[in-house]
$ cat data10.cif   # mmCIF, C-alpha atoms
data_structure
loop_
_atom_site.label_atom_id
_atom_site.label_comp_id
_atom_site.auth_asym_id
_atom_site.auth_seq_id
_atom_site.Cartn_x
_atom_site.Cartn_y
_atom_site.Cartn_z
CA MET A 1 11.20 21.04 -19.90
CA LYS A 2 9.86 18.52 -17.38
CA HIS A 3 11.48 16.92 -14.35
CA PHE A 4 10.42 13.64 -12.71
CA LEU A 5 11.17 14.20 -9.03
CA GLN A 6 7.93 12.82 -7.57
CA PHE A 7 5.32 10.54 -9.08
CA ASN A 8 2.77 13.35 -9.20
CA ASP A 9 5.03 15.48 -11.41
CA LEU A 10 3.31 13.75 -14.34
CA THR A 11 -0.41 13.43 -15.09
CA ARG A 12 -2.50 10.33 -15.65
CA GLY A 13 -2.50 11.06 -19.38
CA GLU A 14 1.27 11.30 -19.45
CA PHE A 15 1.64 7.99 -17.63
CA GLU A 16 -0.81 6.33 -20.01
CA TYR A 17 1.35 7.54 -22.89
CA ILE A 18 4.58 6.36 -21.19
CA PHE A 19 3.07 2.92 -20.46
CA GLU A 20 2.03 2.55 -24.10
CA ARG A 21 5.52 3.55 -25.22
CA THR A 22 6.94 1.05 -22.70
CA ARG A 23 4.91 -1.74 -24.30
CA TRP A 24 6.18 -0.79 -27.76
CA ILE A 25 9.82 -0.35 -26.69
CA LYS A 26 9.82 -3.63 -24.73
CA ASP A 27 8.33 -5.50 -27.69
CA ARG A 28 11.14 -4.28 -29.94
CA PHE A 29 13.73 -5.19 -27.28
CA LYS A 30 12.34 -8.74 -27.05
CA ARG A 31 12.49 -9.11 -30.84
CA TYR A 32 16.05 -7.72 -31.06
CA ILE A 33 14.94 -4.77 -33.20
CA PRO A 34 17.17 -1.74 -32.52
CA TYR A 35 15.52 1.54 -31.56
CA GLN A 36 17.96 4.39 -31.00
CA PRO A 37 16.19 7.77 -30.90
CA LEU A 38 18.65 9.24 -28.39
CA SER A 39 21.77 9.04 -30.54
CA ASP A 40 24.36 11.57 -29.37
CA ARG A 41 22.44 12.26 -26.13
CA THR A 42 24.17 11.86 -22.76
CA LEU A 43 22.70 10.89 -19.39
CA ALA A 44 24.59 11.88 -16.23
CA MET A 45 23.95 9.43 -13.37
CA ILE A 46 24.82 10.86 -9.95
CA PHE A 47 24.92 8.34 -7.10
CA GLU A 48 25.17 9.10 -3.41
CA LYS A 49 23.47 5.81 -2.45
CA GLN A 50 24.46 2.31 -3.50
CA SER A 51 22.60 0.74 -6.40
CA THR A 52 22.22 -2.33 -8.57
CA ARG A 53 18.93 -2.07 -10.49
CA THR A 54 18.89 1.73 -10.81
CA ARG A 55 22.36 1.99 -12.27
CA LEU A 56 22.05 -1.02 -14.55
CA SER A 57 18.60 -0.12 -15.88
CA PHE A 58 19.49 3.51 -16.64
CA GLU A 59 22.94 2.76 -18.05
CA ALA A 60 21.79 -0.16 -20.21
CA GLY A 61 18.63 1.69 -21.19
CA MET A 62 20.46 4.79 -22.38
CA HIS A 63 22.87 2.61 -24.37
CA GLN A 64 19.99 0.70 -25.98
CA LEU A 65 18.38 4.01 -26.99
CA GLY A 66 21.59 4.99 -28.77
CA GLY A 67 22.94 7.41 -26.18
CA ALA A 68 25.65 7.35 -23.54
CA ALA A 69 25.53 7.26 -19.74
CA VAL A 70 28.19 8.74 -17.44
CA PHE A 71 28.44 7.38 -13.89
CA LEU A 72 29.32 9.92 -11.19
CA ASN A 73 29.74 8.85 -7.57
CA THR A 74 29.64 11.76 -5.15
CA ARG A 75 32.64 10.33 -3.29
CA ASP A 76 34.73 10.68 -6.45
CA THR A 77 33.53 14.14 -7.53
CA GLN A 78 33.75 17.65 -6.14
CA LEU A 79 30.27 17.17 -4.67
CA GLY A 80 31.98 14.90 -2.16
CA ARG A 81 34.30 17.76 -1.21
CA GLY A 82 31.54 20.25 -0.57
CA GLU A 83 30.83 21.82 -3.97
CA PRO A 84 27.36 23.40 -3.75
CA VAL A 85 24.60 21.37 -5.38
CA GLU A 86 23.53 24.49 -7.25
CA ASP A 87 26.98 24.93 -8.84
CA ALA A 88 27.20 21.26 -9.80
CA ALA A 89 23.78 21.50 -11.45
CA GLN A 90 24.86 24.48 -13.53
CA VAL A 91 27.94 22.66 -14.82
CA ILE A 92 26.60 19.11 -15.26
CA SER A 93 23.49 20.31 -17.08
CA ARG A 94 25.62 22.25 -19.58
CA MET A 95 27.57 19.12 -20.51
CA THR A 96 24.79 16.51 -20.63
CA ASP A 97 21.22 16.24 -21.89
CA ILE A 98 19.47 14.67 -18.90
CA VAL A 99 20.39 13.85 -15.29
CA MET A 100 19.38 11.03 -12.93
CA ILE A 101 20.18 11.41 -9.22
CA ARG A 102 20.04 8.79 -6.45
CA THR A 103 20.58 10.54 -3.15
CA PHE A 104 19.34 11.01 0.41
CA GLU A 105 17.15 14.06 1.11
CA GLN A 106 14.56 15.09 -1.49
CA GLU A 107 15.70 18.67 -0.93
CA ILE A 108 19.01 17.87 -2.65
CA ILE A 109 17.38 16.79 -5.89
CA GLU A 110 14.91 19.69 -5.76
CA ARG A 111 17.79 22.17 -5.44
CA PHE A 112 19.64 20.50 -8.31
CA ALA A 113 16.59 20.60 -10.57
CA LYS A 114 15.95 24.26 -9.80
CA HIS A 115 19.38 25.14 -11.28
CA SER A 116 19.47 22.54 -14.07
CA ARG A 117 19.10 23.40 -17.76
CA VAL A 118 18.02 19.81 -18.56
CA PRO A 119 15.44 17.33 -17.19
CA VAL A 120 16.23 15.71 -13.84
CA ILE A 121 14.97 12.25 -12.79
CA ASN A 122 14.68 11.00 -9.22
CA GLY A 123 16.47 7.64 -9.07
CA LEU A 124 15.60 7.38 -5.34
CA THR A 125 15.54 9.68 -2.32
CA ASN A 126 14.63 9.09 1.30
CA GLU A 127 11.13 10.36 0.52
CA TYR A 128 10.26 8.97 -2.93
CA HIS A 129 11.12 6.30 -5.51
CA PRO A 130 8.99 7.22 -8.56
CA CYS A 131 10.83 5.16 -11.17
CA GLN A 132 10.26 1.99 -9.13
CA ILE A 133 6.52 2.52 -8.80
CA MET A 134 6.24 3.41 -12.48
CA ALA A 135 7.75 0.00 -13.26
CA ASP A 136 5.55 -1.74 -10.69
CA ILE A 137 2.37 -0.27 -12.10
CA TYR A 138 3.35 -1.11 -15.66
CA THR A 139 4.01 -4.69 -14.52
CA PHE A 140 0.53 -4.88 -13.01
CA ILE A 141 -1.06 -3.48 -16.19
CA GLU A 142 0.94 -5.91 -18.31
CA GLN A 143 -0.22 -8.92 -16.32
CA ARG A 144 -3.66 -7.95 -14.99
CA GLY A 145 -4.93 -4.98 -17.02
CA PRO A 146 -5.83 -1.43 -15.86
CA ILE A 147 -4.98 -0.57 -12.27
CA GLN A 148 -7.73 2.04 -11.90
CA GLY A 149 -10.11 1.00 -9.11
CA LYS A 150 -7.86 -1.85 -7.92
CA THR A 151 -6.51 -2.36 -4.40
CA VAL A 152 -2.82 -2.49 -3.52
CA ALA A 153 -1.85 -3.77 -0.06
CA TRP A 154 1.34 -2.25 1.33
CA ILE A 155 2.74 -4.29 4.22
CA GLY A 156 5.66 -2.91 6.23
CA ASP A 157 7.46 0.40 6.64
CA SER A 158 5.95 3.68 5.41
CA ASN A 159 9.14 4.44 3.51
CA ASN A 160 9.92 6.12 0.19
CA VAL A 161 8.37 3.28 -1.83
CA CYS A 162 5.18 3.39 0.24
CA ASN A 163 4.99 7.18 -0.13
CA THR A 164 5.23 6.84 -3.89
CA TRP A 165 2.52 4.17 -4.05
CA LEU A 166 0.27 6.62 -2.21
CA GLN A 167 1.01 9.40 -4.69
CA ALA A 168 0.44 7.01 -7.60
CA ALA A 169 -2.96 6.04 -6.19
CA GLU A 170 -4.04 9.68 -6.31
CA VAL A 171 -2.76 10.19 -9.86
CA LEU A 172 -4.06 6.91 -11.34
CA ASP A 173 -7.19 6.43 -9.19
CA PHE A 174 -6.65 3.19 -7.30
CA ASN A 175 -6.60 2.33 -3.60
CA VAL A 176 -3.79 1.48 -1.20
CA HIS A 177 -4.30 -0.43 2.04
CA VAL A 178 -1.37 0.34 4.33
CA SER A 179 -0.38 -1.67 7.38
CA THR A 180 2.65 -0.66 9.42
CA PRO A 181 3.75 -1.42 12.97
CA PRO A 182 2.89 1.24 15.58
CA GLY A 183 5.29 4.15 15.27
CA TYR A 184 5.90 3.65 11.55
CA GLU A 185 2.63 5.04 10.19
CA VAL A 186 2.18 7.10 7.04
CA GLU A 187 2.98 10.80 7.34
CA PRO A 188 0.66 12.39 4.73
CA GLU A 189 2.62 15.64 4.47
CA ARG A 190 5.93 13.82 4.00
CA ALA A 191 4.29 11.55 1.44
CA GLY A 192 3.14 14.61 -0.51
CA LEU A 193 -0.54 13.65 -0.46
CA TYR A 194 -3.44 15.93 -1.33
CA GLY A 195 -6.02 13.98 0.66
CA GLU A 196 -6.95 10.62 2.16
CA ASP A 197 -9.43 9.36 -0.42
CA HIS A 198 -7.13 6.74 -1.95
CA TYR A 199 -5.62 5.01 1.06
CA GLU A 200 -6.65 3.42 4.32
CA GLU A 201 -4.52 2.32 7.25
CA TYR A 202 -4.91 -1.03 9.01
CA ALA A 203 -3.47 -2.11 12.35
CA ASP A 204 -3.62 -5.77 11.29
CA PRO A 205 -1.66 -6.58 8.09
CA MET A 206 -4.03 -9.44 7.32
CA ASP A 207 -6.91 -6.98 7.12
CA ALA A 208 -4.92 -4.80 4.74
CA ALA A 209 -4.22 -7.76 2.43
CA ARG A 210 -7.79 -9.08 2.40
CA ALA A 211 -9.18 -9.10 -1.19
CA ALA A 212 -6.20 -7.08 -2.49
CA ASP A 213 -5.26 -7.25 -6.19
CA LEU A 214 -1.58 -6.73 -5.40
CA VAL A 215 0.40 -7.31 -2.22
CA THR A 216 3.74 -5.54 -1.99
CA THR A 217 6.43 -4.80 0.55
CA ASP A 218 10.04 -3.70 1.01
CA VAL A 219 12.90 -4.39 3.40
CA TRP A 220 12.27 -3.51 7.00
CA THR A 221 15.43 -1.41 7.20
CA SER A 222 15.94 1.05 4.36
CA MET A 223 19.30 2.57 3.48
CA GLY A 224 20.31 5.13 6.07
CA PHE A 225 18.51 3.36 8.93
CA GLU A 226 20.97 0.50 9.49
CA ALA A 227 21.52 1.52 13.13
CA GLU A 228 17.87 0.62 13.79
CA ASN A 229 18.10 -2.83 12.20
CA GLU A 230 17.69 -5.01 15.31
CA GLU A 231 14.92 -2.84 16.73
CA ARG A 232 13.08 -2.93 13.40
CA LYS A 233 13.35 -6.73 13.20
CA ARG A 234 11.49 -6.92 16.50
CA ASP A 235 8.92 -4.27 15.59
CA PHE A 236 8.14 -5.74 12.14
CA ALA A 237 8.11 -9.43 13.11
CA ASP A 238 4.35 -9.76 12.46
CA TRP A 239 4.50 -7.90 9.14
CA GLN A 240 5.93 -10.64 6.94
CA VAL A 241 4.15 -11.38 3.67
CA ASP A 242 3.69 -15.16 3.81
CA ALA A 243 1.53 -17.77 2.12
CA GLU A 244 -1.28 -17.29 4.62
CA MET A 245 -1.44 -13.59 3.81
CA MET A 246 -1.46 -14.21 0.05
CA LYS A 247 -4.36 -16.66 0.48
CA ILE A 248 -6.66 -13.94 1.82
CA ALA A 249 -5.80 -11.60 -1.05
CA LYS A 250 -7.64 -12.17 -4.32
CA LYS A 251 -7.07 -15.52 -5.94
CA ASP A 252 -5.11 -13.97 -8.81
CA ALA A 253 -3.31 -11.36 -6.67
CA LEU A 254 0.27 -10.55 -7.58
CA PHE A 255 3.17 -10.15 -5.19
CA MET A 256 5.82 -7.49 -5.79
CA HIS A 257 9.00 -6.35 -4.08
CA CYS A 258 11.35 -3.63 -5.31
CA LEU A 259 14.41 -5.71 -4.26
CA PRO A 260 16.83 -6.53 -2.78
CA ALA A 261 14.76 -8.88 -0.61
CA HIS A 262 15.48 -10.59 2.69
CA ARG A 263 13.75 -13.97 2.59
CA GLY A 264 12.48 -14.90 6.02
CA GLU A 265 12.07 -11.27 7.07
CA GLU A 266 9.65 -9.06 5.10
CA VAL A 267 8.70 -11.90 2.75
CA ALA A 268 8.64 -15.68 2.98
CA ALA A 269 10.68 -17.56 0.38
CA GLU A 270 7.59 -19.49 -0.74
CA VAL A 271 5.94 -16.19 -1.72
CA ILE A 272 8.75 -14.37 -3.52
CA ASP A 273 9.73 -17.57 -5.33
CA GLY A 274 6.14 -18.72 -5.82
CA PRO A 275 3.67 -18.56 -8.72
CA GLN A 276 2.08 -15.24 -7.68
CA SER A 277 5.40 -13.41 -7.58
CA ALA A 278 6.04 -10.87 -10.34
CA VAL A 279 9.33 -9.56 -8.92
CA TRP A 280 11.59 -10.59 -11.80
CA GLU A 281 9.37 -9.08 -14.48
CA GLU A 282 8.98 -6.07 -12.19
CA ALA A 283 12.76 -5.70 -11.99
CA GLU A 284 13.17 -6.01 -15.77
CA ASN A 285 10.45 -3.44 -16.35
CA ARG A 286 12.60 -0.81 -14.66
CA LEU A 287 14.63 -0.95 -17.87
CA HIS A 288 11.69 -0.57 -20.24
CA THR A 289 9.65 2.04 -18.34
CA GLN A 290 12.74 4.19 -17.82
CA LYS A 291 13.58 4.03 -21.51
CA ALA A 292 10.07 5.33 -22.25
CA LEU A 293 10.56 8.03 -19.61
CA LEU A 294 13.92 9.11 -21.05
CA GLU A 295 12.41 9.27 -24.51
CA TYR A 296 9.46 11.34 -23.28
CA LEU A 297 11.51 13.82 -21.22
CA LEU A 298 13.97 14.39 -24.08
CA LEU A 299 11.76 14.14 -27.16
CA GLY A 300 8.19 14.66 -25.95
CA LYS A 301 5.48 12.55 -27.56
CA VAL A 302 6.72 10.75 -30.65
CA ALA A 303 4.73 9.14 -33.44
CA PRO A 304 5.01 5.32 -33.40
CA LEU A 305 7.08 3.79 -36.18
#
$ encode --input "data10.cif" --output "structure tokens"
Amino acid sequence: MKHFLQFNDLTRGEFEYIFERTRWIKDRFKRYIPYQPLSDRTLAMIFEKQSTRTRLSFEAGMHQLGGAAVFLNTRDTQLGRGEPVEDAAQVISRMTDIVMIRTFEQEIIERFAKHSRVPVINGLTNEYHPCQIMADIYTFIEQRGPIQGKTVAWIGDSNNVCNTWLQAAEVLDFNVHVSTPPGYEVEPERAGLYGEDHYEEYADPMDAARAADLVTTDVWTSMGFEAENEERKRDFADWQVDAEMMKIAKKDALFMHCLPAHRGEEVAAEVIDGPQSAVWEEAENRLHTQKALLEYLLLGKVAPL
């Protein structure tokens, strides 16, 4: 049994297999050919944080694979009244086949997984967002080919998405140029990094974006940090991805954003709505990569039809 709690829980070979399955599953989806290998399987989706793309992609994806998804909000369950995570894991994992959790501290999902009888997927924590980066990397591969040896420019906060990009660089052998305002730098231990061979930090965001194959960012104020919103707007004012920044990246560089986006803050409207933007395909690919992940965690490697 495997869990997917951090990006580095899987190997490069496993991701290569999942990306190939994603291509196959997406092709069938686009041609309206049903594929339902998870008939009679149930996914429990536990949400402590708000969601649009995570809930929709997992719920629709499980349905398309022939299974069922059950939505559980912690406010409406006994978890919201103080039931221990360990007890909830014992019960929920006896009634379902796989669990996805979107919560705050990584420790919560680690404790749940330790007591779960079924695979557990990280749908987002304060520290990591592995399903998002899996979709982002597949989108890059789909549009530009292998990511190995390429350069990703991360502009903005060293948040859970940034941490996961850094882990992915170690697993899949590419480079990340990180530029954050002073006081928001990468914390290698929190990011779960083994070394510093696959990323470099830049004080000037323009230097980080120079000759990059992919420029990506996220909101300046992540969930849970709303009280810092005005301070962050001031601190991050020079860290907007705009047309000038995209011009110094490679000519065919892509722009990505995990969404939701704030046009005029972390990204200019002309970039996110422009020809280099891959955000809508990136968002859709959450559905397809997660279907491949669900299939792999429940069935292992399957022979193509």
$ closest_residue --input "data10.cif" --among "A:Gly192, A:Pro260, A:Met134, A:Glu83" --to "Arg12 in chain A" --atoms "only C-alpha atoms"
A:Met134
$ residues_around --input "data10.cif" --residues "Leu166 in chain A" --least-positions-apart "6" --cutoff "9 Å" --atoms "all atoms listed in the file" --output "list in words"
Asn175, Val176, Ala191, Gly192, Leu193, His198 and Tyr199 of chain A
$ resolve_selection --input "data10.cif" --expression "the PyMOL selection byres ((chain A and resi 240) around 12)" --output "ChimeraX atom specification"
/A:154-157,179-181,204-206,209,215-220,233-239,241-246,261-272
$ write_last_selection --input "data10.cif" --atoms "C-alpha atoms" --output "short mmCIF file (atom, residue, chain, number, x, y, z; two decimals), in the frame of the given file"
data_model
loop_
_atom_site.label_atom_id
_atom_site.label_comp_id
_atom_site.auth_asym_id
_atom_site.auth_seq_id
_atom_site.Cartn_x
_atom_site.Cartn_y
_atom_site.Cartn_z
CA TRP A 154 1.34 -2.25 1.33
CA ILE A 155 2.74 -4.29 4.22
CA GLY A 156 5.66 -2.91 6.23
CA ASP A 157 7.46 0.40 6.64
CA SER A 179 -0.38 -1.67 7.38
CA THR A 180 2.65 -0.66 9.42
CA PRO A 181 3.75 -1.42 12.97
CA ASP A 204 -3.62 -5.77 11.29
CA PRO A 205 -1.66 -6.58 8.09
CA MET A 206 -4.03 -9.44 7.32
CA ALA A 209 -4.22 -7.76 2.43
CA VAL A 215 0.40 -7.31 -2.22
CA THR A 216 3.74 -5.54 -1.99
CA THR A 217 6.43 -4.80 0.55
CA ASP A 218 10.04 -3.70 1.01
CA VAL A 219 12.90 -4.39 3.40
CA TRP A 220 12.27 -3.51 7.00
CA LYS A 233 13.35 -6.73 13.20
CA ARG A 234 11.49 -6.92 16.50
CA ASP A 235 8.92 -4.27 15.59
CA PHE A 236 8.14 -5.74 12.14
CA ALA A 237 8.11 -9.43 13.11
CA ASP A 238 4.35 -9.76 12.46
CA TRP A 239 4.50 -7.90 9.14
CA VAL A 241 4.15 -11.38 3.67
CA ASP A 242 3.69 -15.16 3.81
CA ALA A 243 1.53 -17.77 2.12
CA GLU A 244 -1.28 -17.29 4.62
CA MET A 245 -1.44 -13.59 3.81
CA MET A 246 -1.46 -14.21 0.05
CA ALA A 261 14.76 -8.88 -0.61
CA HIS A 262 15.48 -10.59 2.69
CA ARG A 263 13.75 -13.97 2.59
CA GLY A 264 12.48 -14.90 6.02
CA GLU A 265 12.07 -11.27 7.07
CA GLU A 266 9.65 -9.06 5.10
CA VAL A 267 8.70 -11.90 2.75
CA ALA A 268 8.64 -15.68 2.98
CA ALA A 269 10.68 -17.56 0.38
CA GLU A 270 7.59 -19.49 -0.74
CA VAL A 271 5.94 -16.19 -1.72
CA ILE A 272 8.75 -14.37 -3.52
#
$ closest_residue --input "data10.cif" --among "A:Arg102, A:His288, A:Arg55, A:Arg41" --to "Tyr128 in chain A" --atoms "all atoms listed in the file"
A:Arg102
$ closest_residue --input "data10.cif" --among "A:Pro275, A:Pro37, A:Gly13, A:Gly123" --to "Gln50 in chain A" --atoms "all atoms listed in the file"
A:Gly123
$ decode --input "data10.cif" --residues "range 119-134 of chain A" --atoms "N, CA and C atoms" --output "mmCIF file, in the first residue's frame"
data_model
loop_
_atom_site.group_PDB
_atom_site.id
_atom_site.type_symbol
_atom_site.label_atom_id
_atom_site.label_comp_id
_atom_site.auth_asym_id
_atom_site.auth_seq_id
_atom_site.Cartn_x
_atom_site.Cartn_y
_atom_site.Cartn_z
ATOM 1 N N PRO A 119 -4.888 3.649 0.999
ATOM 2 C CA PRO A 119 -4.024 4.755 0.577
ATOM 3 C C PRO A 119 -4.618 6.117 0.909
ATOM 4 N N VAL A 120 -3.744 7.051 1.256
ATOM 5 C CA VAL A 120 -4.135 8.424 1.582
ATOM 6 C C VAL A 120 -3.413 9.370 0.629
ATOM 7 N N ILE A 121 -4.151 10.334 0.087
ATOM 8 C CA ILE A 121 -3.618 11.326 -0.851
ATOM 9 C C ILE A 121 -3.685 12.708 -0.211
ATOM 10 N N ASN A 122 -2.607 13.463 -0.359
ATOM 11 C CA ASN A 122 -2.569 14.849 0.097
ATOM 12 C C ASN A 122 -3.221 15.745 -0.946
ATOM 13 N N GLY A 123 -4.403 16.292 -0.623
ATOM 14 C CA GLY A 123 -5.079 17.226 -1.514
ATOM 15 C C GLY A 123 -4.655 18.658 -1.293
ATOM 16 N N LEU A 124 -3.813 18.912 -0.317
ATOM 17 C CA LEU A 124 -3.189 20.195 0.009
ATOM 18 C C LEU A 124 -3.007 20.266 1.515
ATOM 19 N N THR A 125 -1.806 20.679 1.925
ATOM 20 C CA THR A 125 -1.546 21.061 3.313
ATOM 21 C C THR A 125 -0.774 22.373 3.287
ATOM 22 N N ASN A 126 -0.523 22.931 4.455
ATOM 23 C CA ASN A 126 0.258 24.165 4.519
ATOM 24 C C ASN A 126 1.650 23.983 3.929
ATOM 25 N N GLU A 127 2.168 22.742 3.995
ATOM 26 C CA GLU A 127 3.537 22.496 3.570
ATOM 27 C C GLU A 127 3.672 22.050 2.118
ATOM 28 N N TYR A 128 2.703 21.273 1.608
ATOM 29 C CA TYR A 128 2.855 20.654 0.286
ATOM 30 C C TYR A 128 1.542 20.638 -0.500
ATOM 31 N N HIS A 129 1.688 20.564 -1.833
ATOM 32 C CA HIS A 129 0.527 20.413 -2.722
ATOM 33 C C HIS A 129 0.933 19.490 -3.878
ATOM 34 N N PRO A 130 1.175 18.210 -3.599
ATOM 35 C CA PRO A 130 1.757 17.327 -4.622
ATOM 36 C C PRO A 130 0.876 17.061 -5.822
ATOM 37 N N CYS A 131 -0.443 17.009 -5.645
ATOM 38 C CA CYS A 131 -1.314 16.751 -6.799
ATOM 39 C C CYS A 131 -1.255 17.903 -7.800
ATOM 40 N N GLN A 132 -1.116 19.125 -7.299
ATOM 41 C CA GLN A 132 -1.024 20.283 -8.195
ATOM 42 C C GLN A 132 0.239 20.217 -9.040
ATOM 43 N N ILE A 133 1.366 19.930 -8.416
ATOM 44 C CA ILE A 133 2.621 19.926 -9.168
ATOM 45 C C ILE A 133 2.672 18.741 -10.117
ATOM 46 N N MET A 134 2.062 17.628 -9.748
ATOM 47 C CA MET A 134 1.968 16.508 -10.678
ATOM 48 C C MET A 134 1.239 16.933 -11.952
#
